[in-house]
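Read the structure below first, then the notes.
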Amino acid sequence: FSLNTGRLRDQWHGMSRTGTLGRLFGHVPEPVVQMHGQDMARRQIKDGDLVHVTSRRASLVLPAQASAEVGMSQAFIAMHWGSEYLSGSTSIGERVGGINALTSPAYCPDSKQPELKHSAVKILKAELPWNLLAVGWLPAGEALIRELALRSLMARFPFATCVPFSSGGALAGGGSERTGVLFRAAAYEPAPDALLQQVEQLLGLSDADTLRYVDARHGQRRAARLVRVGADAHLDAFLLGGDTRAEAWIKTLLQEQLPAQAFGRQLLRPGATAPAGLAARGKVVCSCFGVTATAITDKLRSCTGDDKERLAALQGALQCGTNCGSCIPELQRMVRTGGSATPAL
């Protein structure tokens, strides 16, 4: 494959500033390698499957993602994913991290600008059967310290990512924005108990009020912690070890800060089937106002007129694209492909 690198809409260079703001991870939340859907199907790779991306210089493990914007025999990884966010280790324990490990070290002799743009790579499906996902809100005064401590554990896994996220509401909403962290890893066998206890402690999952399930024989481990907020209880952190399919619904429960007291021990259930009444959040399209693709698609069903009029109606209702404007190209594509508008009554 011809691997290309390039920037993301909401990130800048090495993310020394933008990478500290959880809100800016709403549009592209984690490192992935994008491929053409036919290339993935031919190799029996599904969205989210881990793959080895190997060049002459290094090999990284990343989740694969189908993209209509990538051509056949092409692959794309955003240039921003350095060793702070993406890490792994070789079969002999040497740490490998960051997209630039794959690319060429050549640089311009005059400007010293590194080449770093493209490289020939081999992509093969990775066989890392044990998975880990740990997500939680962090105390405001300790968020950076705990995030750095979690990143120090990344090299203990053949594949690991550690990225911030936020509650993602409107910038002008007046409420305080919470900061959280997502730690994802995979390995050939279950991680040692002591290592998982470190992850739990950093996410506040070592307290006595944490719901817990452990099946050491089968490498299954789940933990969830609820905190009382007024009359409701909200999910503050969770860890899924082994079977991580519950991510499909439990991450929404945490990030949307939805009332969770009714779920009880269902928070420890395996599998991707969500409890009744809990819908997936959807990808964030407008980072300024926290507007998701689900909300946009729902609103477009009632918008009438030509593309320009439908976009104006969408912006008037949801405010998306009315602040920095970075999401307008994506909004325009959604307007064009959003299907027939429902006629006004």
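Quick note on naming: the chains in the structure tokens go A, B, ... in the order shown, residues restart at 1 in each chain, and ligands are numbered from 1 in order of appearance.
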
- Query: Residues at most 9 Å from Pro270 in chain A, counting only C-alpha atoms, excluding those fewer than 4 positions away in the same chain, as a ChimeraX atom specification?
  - Reply: /A:222,240,243-246,266

- Message: Applying 8 Å and only C-alpha atoms, which residues near Ala274 in chain A remain after dropping the ones on its own chain fewer than 5 positions away? List them as a list in words.
- Response: Ala246, Ala248, Trp249, Ile250 and Ala279 of chain A

Limited to all heavy atoms, could you put the picked residues into a file as a CSV table (one decimal), in the first residue's frame?
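Result file is out_7.csv:
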chain,number,residue,atom,x,y,z
A,246,ALA,N,-19.3,-4.1,24.8
A,246,ALA,CA,-20.2,-3.2,25.4
A,246,ALA,C,-19.9,-1.7,25.2
A,246,ALA,O,-20.7,-0.8,25.5
A,246,ALA,CB,-20.3,-3.5,26.9
A,248,ALA,N,-20.1,-0.2,22.7
A,248,ALA,CA,-21.1,0.3,21.7
A,248,ALA,C,-22.2,1.1,22.4
A,248,ALA,O,-22.8,2.0,21.9
A,248,ALA,CB,-21.8,-0.8,20.9
A,249,TRP,N,-22.4,0.9,23.7
A,249,TRP,CA,-23.5,1.6,24.5
A,249,TRP,C,-23.0,2.2,25.8
A,249,TRP,O,-23.4,3.3,26.1
A,249,TRP,CB,-24.7,0.7,24.8
A,249,TRP,CG,-24.3,-0.5,25.6
A,249,TRP,CD1,-24.0,-1.7,25.2
A,249,TRP,CD2,-24.4,-0.6,27.0
A,249,TRP,NE1,-23.8,-2.6,26.2
A,249,TRP,CE2,-24.0,-1.9,27.4
A,249,TRP,CE3,-24.7,0.3,28.0
A,249,TRP,CZ2,-24.0,-2.4,28.7
A,249,TRP,CZ3,-24.7,-0.2,29.4
A,249,TRP,CH2,-24.3,-1.5,29.7
A,250,ILE,N,-22.0,1.6,26.4
A,250,ILE,CA,-21.6,2.1,27.8
A,250,ILE,C,-20.8,3.4,27.6
A,250,ILE,O,-20.9,4.3,28.5
A,250,ILE,CB,-20.9,1.1,28.6
A,250,ILE,CG1,-20.8,1.5,30.0
A,250,ILE,CG2,-19.5,0.8,28.0
A,250,ILE,CD1,-20.3,0.4,30.9
A,279,ALA,N,-29.5,4.9,23.1
A,279,ALA,CA,-29.1,5.0,21.7
A,279,ALA,C,-27.7,5.4,21.6
A,279,ALA,O,-27.1,6.1,22.5
A,279,ALA,CB,-30.0,5.9,20.9

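For the choices A:Gly242, A:Gly98, A:Gly204, A:Pro139, the atom-to-atom distance to Val53 in chain A is smallest for A:Gly98 when using only C-alpha atoms.
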
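One distance worth recording is that between CA of Val28 in chain A and CA of Ala78 in chain A, which is 9.8 Å.
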
- Task: Might you pull out every residue within 10 Å of Glu330 in chain A, with only C-alpha atoms counted and same-chain residues fewer than 3 positions away left off, and present them as a ChimeraX atom specification?
- Result: /A:285-286,293,321,326-327,333-336

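Distances to Arg57 in chain A were evaluated for A:Ser104, A:Thr297, A:Gln255, A:Gln113 using only C-alpha atoms, and the minimum falls at A:Ser104.
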
- Query: If we count only C-alpha atoms, what is near range 22-27 of chain A at a cut-off of 12 Å, once residues fewer than 2 positions away on the same chain are taken out, given as a PyMOL selection string?
  - Reply: chain A and resi 8-12+15+17-20+29-31+80-81+85+137-138+143-144+147+162-171+177-182+255+281-293+326-327+330

- Task: Please report, as a VMD selection string, each residue of range 214-294 of chain A to which DSSP assigns helix (DSSP H, G or I) when run on this structure's backbone.
- Result: chain A and resid 216 to 218 247 to 255 264 to 268 293 to 294

Could you turn the residues from that selection into a file that holds C-alpha atoms, as a PDB file, in the first residue's frame?
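As a result, again_15.pdb now contains:
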ATOM      1  CA  ALA A 216      -9.373 -14.602  35.751  1.00  0.00           C
ATOM      2  CA  ARG A 217      -9.615 -18.016  34.091  1.00  0.00           C
ATOM      3  CA  HIS A 218     -11.145 -16.560  30.916  1.00  0.00           C
ATOM      4  CA  GLU A 247     -18.351  -0.071  24.320  1.00  0.00           C
ATOM      5  CA  ALA A 248     -21.128   0.335  21.734  1.00  0.00           C
ATOM      6  CA  TRP A 249     -23.472   1.615  24.453  1.00  0.00           C
ATOM      7  CA  ILE A 250     -21.643   2.142  27.756  1.00  0.00           C
ATOM      8  CA  LYS A 251     -19.349   4.851  26.348  1.00  0.00           C
ATOM      9  CA  THR A 252     -22.443   6.828  25.309  1.00  0.00           C
ATOM     10  CA  LEU A 253     -23.852   6.487  28.817  1.00  0.00           C
ATOM     11  CA  LEU A 254     -20.693   8.005  30.295  1.00  0.00           C
ATOM     12  CA  GLN A 255     -19.907  10.723  27.745  1.00  0.00           C
ATOM     13  CA  GLY A 264     -27.261  -1.301  38.125  1.00  0.00           C
ATOM     14  CA  ARG A 265     -25.348  -4.498  37.437  1.00  0.00           C
ATOM     15  CA  GLN A 266     -26.294  -4.319  33.763  1.00  0.00           C
ATOM     16  CA  LEU A 267     -23.208  -2.087  33.554  1.00  0.00           C
ATOM     17  CA  LEU A 268     -21.160  -5.282  33.933  1.00  0.00           C
ATOM     18  CA  ALA A 293     -24.154  13.439  12.908  1.00  0.00           C
ATOM     19  CA  THR A 294     -27.238  11.774  14.412  1.00  0.00           C
TER      20      THR A 294
END

For range 105-210 of chain A against range 39-43 of chain A, with a cut-off of 10 Å and counting only C-alpha atoms, what is the closest atom pair and its distance in Å to one decimal for every residue that makes the cut, ordered by chain and number, as CSV?
residue,atom,partner,partner_atom,distance
A:Ile123,CA,A:Arg43,CA,9.4
A:Leu124,CA,A:Arg43,CA,8.1
A:Lys125,CA,A:Arg43,CA,7.9

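Those residues that approach Ala101 in chain A to within 12 Å, counting only C-alpha atoms, are A:Val53, A:Thr54, A:Ser55, A:Arg56, A:Arg57, A:Ala58, A:Ser59, A:Leu60, A:Val61, A:Met79, A:Trp81, A:Gly82, A:Ser83, A:Leu86, A:Ser87, A:Gly88, A:Arg95, A:Val96, A:Gly97, A:Gly98, A:Ser104, A:Pro105, A:Leu116, A:Lys117, A:His118, A:Ser119, A:Val121; same-chain residues fewer than 3 positions away are not listed.
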
- Tell me, as a ChimeraX atom specification, which residues lie within 8 Å of Ala260 in chain A, counting only C-alpha atoms; anything in the same chain fewer than 5 positions away does not count. /A:226,232-235,253

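Of the residues listed (A:Ser111, A:Ala187, A:Thr5, A:Met35), A:Thr5 shows the shortest atom-to-atom separation from Ile77 in chain A; distances use only C-alpha atoms.
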
- DSSP on the backbone, then: every residue of range 201-262 of chain A marked strand (DSSP E or B), written as a ChimeraX atom specification. /A:211-215,220-229,232-242,259

Between range 141-187 of chain A and range 47-51 of chain A, at 12 Å or less, what are the per-residue closest atom pairs and their distances in Å? Count only C-alpha atoms, order by chain and rising residue number, and return it as CSV.
residue,atom,partner,partner_atom,distance
A:Pro158,CA,A:Leu50,CA,11.1
A:Phe159,CA,A:Leu50,CA,8.9
A:Ala160,CA,A:Leu50,CA,10.9
A:Arg184,CA,A:Leu50,CA,11.7
A:Ala185,CA,A:Leu50,CA,10.4
A:Ala186,CA,A:Leu50,CA,8.8
A:Ala187,CA,A:Leu50,CA,10.9

Could you take the residues named above and write them with N, CA, C and O atoms, as a tab-separated table (two decimals), in the first residue's frame?
chain	number	residue	atom	x	y	z
A	158	PRO	N	1.29	-4.60	23.28
A	158	PRO	CA	1.66	-4.57	21.85
A	158	PRO	C	0.95	-3.46	21.09
A	158	PRO	O	1.45	-2.98	20.08
A	159	PHE	N	-0.23	-3.07	21.56
A	159	PHE	CA	-0.96	-1.94	20.98
A	159	PHE	C	-1.62	-1.16	22.10
A	159	PHE	O	-2.21	-1.75	23.02
A	160	ALA	N	-1.51	0.16	22.05
A	160	ALA	CA	-2.19	1.00	23.04
A	160	ALA	C	-2.38	2.40	22.50
A	160	ALA	O	-1.52	2.92	21.77
A	184	ARG	N	-7.06	2.54	25.45
A	184	ARG	CA	-7.40	1.33	24.72
A	184	ARG	C	-6.12	0.52	24.49
A	184	ARG	O	-5.07	1.09	24.16
A	185	ALA	N	-6.20	-0.79	24.64
A	185	ALA	CA	-5.02	-1.63	24.45
A	185	ALA	C	-5.43	-3.01	23.97
A	185	ALA	O	-6.61	-3.41	24.06
A	186	ALA	N	-4.47	-3.74	23.44
A	186	ALA	CA	-4.69	-5.13	23.01
A	186	ALA	C	-3.41	-5.91	23.23
A	186	ALA	O	-2.30	-5.35	23.19
A	187	ALA	N	-3.57	-7.21	23.45
A	187	ALA	CA	-2.40	-8.05	23.75
A	187	ALA	C	-2.68	-9.48	23.33
A	187	ALA	O	-3.81	-9.85	22.98
